[in-house]
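Since the structure comes first, as structure tokens, the remarks are kept for the end.
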Amino acid sequence: MSARKMAIIVHSGTMDKLYPVLMLASAGGAMDVEAHLFFTFWGLNALKKGGLEGAKLPGMMSLGTGMMKGRVRDAGVPSLPELLRMCREMGNTKIYACSTTMKMMNVKEEELIPEVDDIVGAAVFLDIALDADVQLFI
Amino acid sequence: MSARKMAIIVHSGTMDKLYPVLMLASAGGAMDVEAHLFFTFWGLNALKKGGLEGAKLPGMMSLGTGMMKGRVRDAGVPSLPELLRMCREMGNTKIYACSTTMKMMNVKEEELIPEVDDIVGAAVFLDIALDADVQLFI
Amino acid sequence: MSARKMAIIVHSGTMDKLYPVLMLASAGGAMDVEAHLFFTFWGLNALKKGGLEGAKLPGMMSLGTGMMKGRVRDAGVPSLPELLRMCREMGNTKIYACSTTMKMMNVKEEELIPEVDDIVGAAVFLDIALDADVQLFI
């Protein structure tokens with residue numbers, strides 16, 4: 001029997017949205033659920049070097065990002081880069097960068113973090129999503 | 001045969017997003033579809049006492065919240081608290097508060113409305129979502 | 001064997017969110033996947049005449065809409081109206097307008113683009129979504 005799968009389209013690049021993405025992936029990892037994460041549009045920023053560390057709250061709330069990071073830490077929740085590392089260590093999270101977004105935003109492969117497994121288009125990811133047990137757009 | 005299930009991660013706390021959550025849950029309830037709603041991050045505010053009543057439109061549109069409430073009422077659509085009551089009366093909507101968000105936002109159990117069925121973490125809800133027919137992130 | 005199905009609730013009316021909706025629908029169309037798109041709340045604006053052409057980036061980023069359109073064009077990505085035309089030509093994208101939103105926003109049927117297949121409520125769409133292979137809220 002093959003592992004259960006979760007397919008997430010990561011469209012947002014803000015801290016409040018990246019947390020659920022990586023919390024679900026790491027929770028899934030511990031439950032033997034594969035997580036396939038497709039970073040597109042604003043989400044692609046999270047895959048640039050320093051992107052996860054620099055993610056902010058959206059809009060005018062961005063001023064409160066530092067305070068939110070403090071609350072996250074005080075609650076014993078790992079930082080975004082730590083969550084990504086945990087996901088990678090469990091070995092069942094796959095990271096995809098959207099090829100169309102890279103062209104649109106003029107992002108080169110060497111600007112991306114090494115954790116990116118593949119650069120693919122929407123059709124390839126849709127094929128993965130069609131076979132997944134859970135699909136989310138975040 | 002067990003009932004069909006819908007699992008919704010409620011990440012937003014704004015009026016425009018809480019409406020689809022409760023409209024889907026109440027529509028589902030009438031169709032014998034169980035709705036499992038997991039309120040996390042900004043969404044948790046909706047579960048605090050007075051939270052549904054006080055939900056506003058996002059960002060600068062928040063100034064138009066009163067006008068939108070008027071339109072909603074004129075269209076014969078119930079208010080958010082009325083929708084929640086309808087869902088509870090049908091008996092197949094379950095309300096979960098995210099335990100990690102409660103810690104992060106320093107929210108105590110006694111601050112939550114009595115309609116909350118359980119306080120759980122992401123892993124518990126993911127397990128419910130994996131068995132659901134519909135999963136949404138709102 | 002019936003075609004695979006994708007059901008998308010289109011709640012947003014901004015350009016950055018309408019792109020993934022129509023990119024997924026057109027990618028799906030080429031893979032023989034039916035796309036059922038339910039335009040509700042802010043999303044309904046995209047179905048008004050001139051709505052797709054006039055869609056902007058959200059909030060304060062709206063000032064950068066023209067620049068983003070340039071980048072999209074330079075990357076060889078079709079415009080939103082072109083994507084909709086491609087979806088319609090493939091013949092497996094269905095467009096639904098939310099009846100409750102039309103009442104709330106006081107939108108008349110004759111204000112909508114002719115590509116709208118049907119005006120339905122949340123319950124009708126939920127029924128379609130329950131039988132779909134992929135469900136997303138965008």
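Residues are referred to by chain and number: the chain letter is A, B, ... according to the order shown in the structure tokens, the number counts from 1 in that chain, and ligands are numbered separately from 1 in the order shown.
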Contact residues (chain A, partner chain C, 12 Å, only C-alpha atoms) as a ChimeraX atom specification | /A:6-12,38-43,58-60,98-107,121-138
In Å and to one decimal, CA of Asn92 (chain C) is distant from CA of Lys108 (chain C) by 25.6 Å
Expressed in Å, the length from CA of Gly51 (chain C) to CA of Glu110 (chain C) is 13.6 Å
Query - Interatomic distance, CA of Ser79 (chain B) to CA of Leu47 (chain C) (Å, one decimal) - result: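 Distance reported for this atom pair: 25.8 Å.
Among the candidates A:Met15, A:Met67, A:Leu112, A:Glu89, the residue lying nearest to Leu44 (chain A) is A:Leu112 (atoms considered: only C-alpha atoms).
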(Q) With DSSP run on the backbone, what are the alpha helix (DSSP H) residues within chain C? I'd like them as a VMD selection string. (A) chain C and resid 15 to 30 51 to 54 65 to 74 80 to 90 99 to 104 122 to 130
Nearest-residue call for Val120 (chain C), choices C:Ala97, C:Leu84, C:Leu37, C:Val21, using only C-alpha atoms
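Checking each of C:Ala97, C:Leu84, C:Leu37, C:Val21 against Val120 (chain C), counting only C-alpha atoms, the winner is C:Ala97.
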Could you pull out the strand (DSSP E or B) residues of chain C from DSSP and send them as number ranges by chain?
C: 4-10, 33-39, 48, 93-98, 112, 118-120, 134-137
